[in-house]
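In what follows, a single structure is set out as structure tokens and then discussed.
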Amino acid sequence: MAADAVAAAEVAEADGAARMSDMPIDIKGPAEIEAMREAGLLAAATLRAIGALVKPGISTGKLNQIAHEFQLDHGAIPAPLNYRGFPKSICTSVNDVVCHGIPSNKHVLREGDLVNVDVTPILAGFHGDTSATFFVGEVSDKARRVTEVSRKSLELGIAATKPGGRIRDIGAVIEDYAHGEGMSIVEDYCGHGIGRIFHTSPQVTHYRSRGPNPRMRPGMTFTIEPMINTGTKHTRLMKDNWTVKTRDGGLSAQFEHTVLVTAEGVEVLTDPAKLAGTKYDH
């Protein structure tokens with residue numbers, strides 16, 4: 001049954017990714033919002049469980065195995081696995097890897113590394129998408145700084161999310177902050193609408209951009225996921241056709257949440273603080 005679900009998701013995601021920019025924005029009703037909340041909770045729980053294991057000497061392949069089993073144990077399947085050929089259940093992006101790093105038993109984390117862990121479970125047909133950058137032991141001041149700028153960039157992007165606002169308001173506030181801190185913002189990848197489909201409209205850039213600029217409306221769900229670099233914003237795709245690195249070898253950090261636009265403002269569906277008192281609070 002899980003294999004069938006993954007295959008069905010692959011077809012939907014490939015189609016959705018190809019047409020993301022011109023797909024209508026999905027406004028979710030109460031039942032769909034509750035399903036997104038549950039998927040978001042599981043995503044937050046998965047990321048918390050994996051983050052607690054990040055330390056020198058553990059392999060990214062081991063983190064992937066544990067995350068995979070954790071999601072299956074909670075009735076979900078990992079969206080990245082077999083998504084357009086991606087071979088693993090999470091992404092682990094270390095140091096100069098911007099995104100889409102492929103876990104491997106041969107890649108052992110070392111003291112001083114940065115690692116971004118990106119998880120997306122599919123629970124009852126809905127996606128919850130979140131990521132965070134973790135320190136592996138003691139890290140350099142530069143590593144701490146780019147991580148904190150990325151974390152703050154996400155917080156500012158969430159604060160700019162409100163009904164009646166424009167999608168590009170999010171990127172504008174992130175650009176002003178990150179550039180003011182002397183960091184660059186990756187422009188090759190962006191946030192995205194999410195729900196039954198992994199990647200759909202709207203596109204959420206993390207810098208000032210041209211193109212569609214829809215108003216935010218209650219019931220919209222999307223990710224905000226700024227990728228912040230210490231050096232150039234430019235990236236390079238490696239031979240595996242997934243791993244994306246900074247072109248100059250500089251450090252990169254990223255944080256991501258799935259958010260819901262509400263009548264009052266914004267709700268962070270993947271907030272780990274929401275785990276308190278739930279079945280995941282153990």
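Chain identifiers are assigned as A, B, and so on, following the order in which chains appear in the structure tokens; residues are numbered from 1 within each chain, and ligands are numbered from 1 in order of appearance.
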
Do you have, as CSV, the list of residues of region 195-260 of chain A lying at most 7 Å from region 123-128 of chain A, each with its nearest atom pair and that distance in Å to one decimal, counting only C-alpha atoms and ordered by chain then number?
residue,atom,partner,partner_atom,distance
A:Gly195,CA,A:Phe126,CA,5.3
A:Arg196,CA,A:Phe126,CA,4.6
A:Phe198,CA,A:His127,CA,6.3
A:Thr258,CA,A:Gly128,CA,6.7

Could you write out the selected residues, including C-alpha atoms, as a short mmCIF file (atom, residue, chain, number, x, y, z; two decimals), in the first residue's frame?
data_model
loop_
_atom_site.label_atom_id
_atom_site.label_comp_id
_atom_site.auth_asym_id
_atom_site.auth_seq_id
_atom_site.Cartn_x
_atom_site.Cartn_y
_atom_site.Cartn_z
CA GLY A 195 -1.05 20.57 0.41
CA ARG A 196 -2.03 17.39 -1.40
CA PHE A 198 4.28 18.81 -2.73
CA THR A 258 4.94 25.38 6.37
#

Helix (DSSP H, G or I) call set, DSSP backbone run, region 2-243 of chain A, as a PyMOL selection string: chain A and resi 2-18+20-22+30-51+60-73+83-85+141-159+168-180

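Restricting the calculation to only C-alpha atoms, the smallest distance between Asp188 (chain A) and any of A:Ala39, A:Cys99, A:Ala253, A:Leu154 is found for A:Cys99.
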
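Of the residues listed (A:Ile58, A:Leu251, A:Leu41, A:Ile197), A:Leu251 shows the shortest atom-to-atom separation from Ala143 (chain A); distances use only C-alpha atoms.
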
Long-range neighbours of Leu237 (chain A) as a PyMOL selection string, 12 Å cut-off, only C-alpha atoms, 3 positions minimum in chain: chain A and resi 96-101+188-189+234+240-247

Pull N, CA and C atoms from the residues just selected and write them as a short mmCIF file (atom, residue, chain, number, x, y, z; two decimals), in the first residue's frame.
data_model
loop_
_atom_site.label_atom_id
_atom_site.label_comp_id
_atom_site.auth_asym_id
_atom_site.auth_seq_id
_atom_site.Cartn_x
_atom_site.Cartn_y
_atom_site.Cartn_z
N ASP A 96 28.76 23.58 2.55
CA ASP A 96 28.55 24.36 1.34
C ASP A 96 27.43 23.81 0.47
N VAL A 97 26.75 22.77 0.93
CA VAL A 97 25.60 22.24 0.19
C VAL A 97 24.38 23.09 0.55
N VAL A 98 23.80 23.70 -0.45
CA VAL A 98 22.66 24.60 -0.26
C VAL A 98 21.39 23.81 0.03
N CYS A 99 21.14 22.76 -0.77
CA CYS A 99 19.91 21.99 -0.62
C CYS A 99 20.04 20.68 -1.37
N HIS A 100 19.12 19.76 -1.09
CA HIS A 100 18.97 18.49 -1.80
C HIS A 100 20.17 17.56 -1.64
N GLY A 101 20.90 17.70 -0.54
CA GLY A 101 21.98 16.76 -0.27
C GLY A 101 21.44 15.36 -0.05
N ASP A 188 17.99 30.66 -6.86
CA ASP A 188 17.67 29.56 -7.77
C ASP A 188 16.55 28.66 -7.25
N TYR A 189 16.22 28.78 -5.97
CA TYR A 189 15.21 27.93 -5.34
C TYR A 189 14.33 28.78 -4.45
N HIS A 234 25.30 32.52 -5.98
CA HIS A 234 25.25 31.59 -7.11
C HIS A 234 25.53 30.17 -6.67
N ASP A 240 25.27 14.32 -9.56
CA ASP A 240 24.16 13.44 -9.20
C ASP A 240 22.81 14.04 -9.58
N ASN A 241 22.83 15.28 -10.09
CA ASN A 241 21.63 16.01 -10.53
C ASN A 241 20.69 16.37 -9.39
N TRP A 242 21.17 16.30 -8.16
CA TRP A 242 20.38 16.72 -7.01
C TRP A 242 21.14 17.69 -6.11
N THR A 243 22.32 17.31 -5.69
CA THR A 243 23.08 18.11 -4.73
C THR A 243 23.42 19.48 -5.30
N VAL A 244 23.03 20.53 -4.57
CA VAL A 244 23.29 21.90 -4.99
C VAL A 244 24.27 22.53 -4.01
N LYS A 245 25.39 23.05 -4.52
CA LYS A 245 26.41 23.66 -3.68
C LYS A 245 26.57 25.14 -4.01
N THR A 246 27.13 25.88 -3.06
CA THR A 246 27.50 27.27 -3.34
C THR A 246 28.63 27.25 -4.36
N ARG A 247 28.61 28.19 -5.27
CA ARG A 247 29.61 28.18 -6.33
C ARG A 247 31.00 28.47 -5.81
#

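With only C-alpha atoms taken into account, the protein and nucleic acid residues at most 7 Å from region 21-31 of chain A (excluding it and anything under 6 positions from it in its own chain) are Thr200, Ser201, Pro202, Gln203, Gly219 and Met220 of chain A.
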
Proximity to Ile194 (chain A) - best of A:Ser59, A:Asn229, A:Asn213, A:Thr221, only C-alpha atoms: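 Of A:Ser59, A:Asn229, A:Asn213, A:Thr221, the one nearest Ile194 (chain A) is A:Thr221, counting only C-alpha atoms.
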
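For the residues A:Ser140, A:Ser184, A:Ser89, A:Thr262, ranking by smallest atom-to-atom distance to Ala67 (chain A) using only C-alpha atoms places A:Ser89 first.
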
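Of the listed residues (A:Arg168, A:Lys239, A:Lys274, A:Lys152), A:Lys274 comes nearest to Gly40 (chain A); the distances count only C-alpha atoms.
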
Pairwise distance for CA of Ile228 (chain A) and CA of Ser150 (chain A), rounded to one decimal in Å: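 It comes out at 5.6 Å.
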
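Residues with any atom within 10 Å of Pro103 (chain A), counting only C-alpha atoms and excluding same-chain neighbours fewer than 2 positions away, are Ser59, Thr60, Gly61, Lys62, Leu63, Asn64, Gln65, Pro87, Lys88, Ser89, Ile90, Cys91, Thr92, Ser93, Val94, His100, Gly101, Asn105, Lys106, His107, Val108 and Val117 of chain A.
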
Contacts of Lys55 (chain A) at 10 Å (only C-alpha atoms; same-chain gap of 2+ positions) as a list in words: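 Non-adjacent residues within range: Gly51, Ala52, Leu53, Gly57, Ile58, Ser59, Val108, Leu109, Arg110, Glu111, Gly112, Asp113, Phe134, Phe135, Val136, Gly137 and Glu138 of chain A.
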
Residue with smallest distance to Pro272 (chain A) - pool A:Ile77, A:Ile33, A:Ala43, A:Ile167, counting only C-alpha atoms: A:Ala43
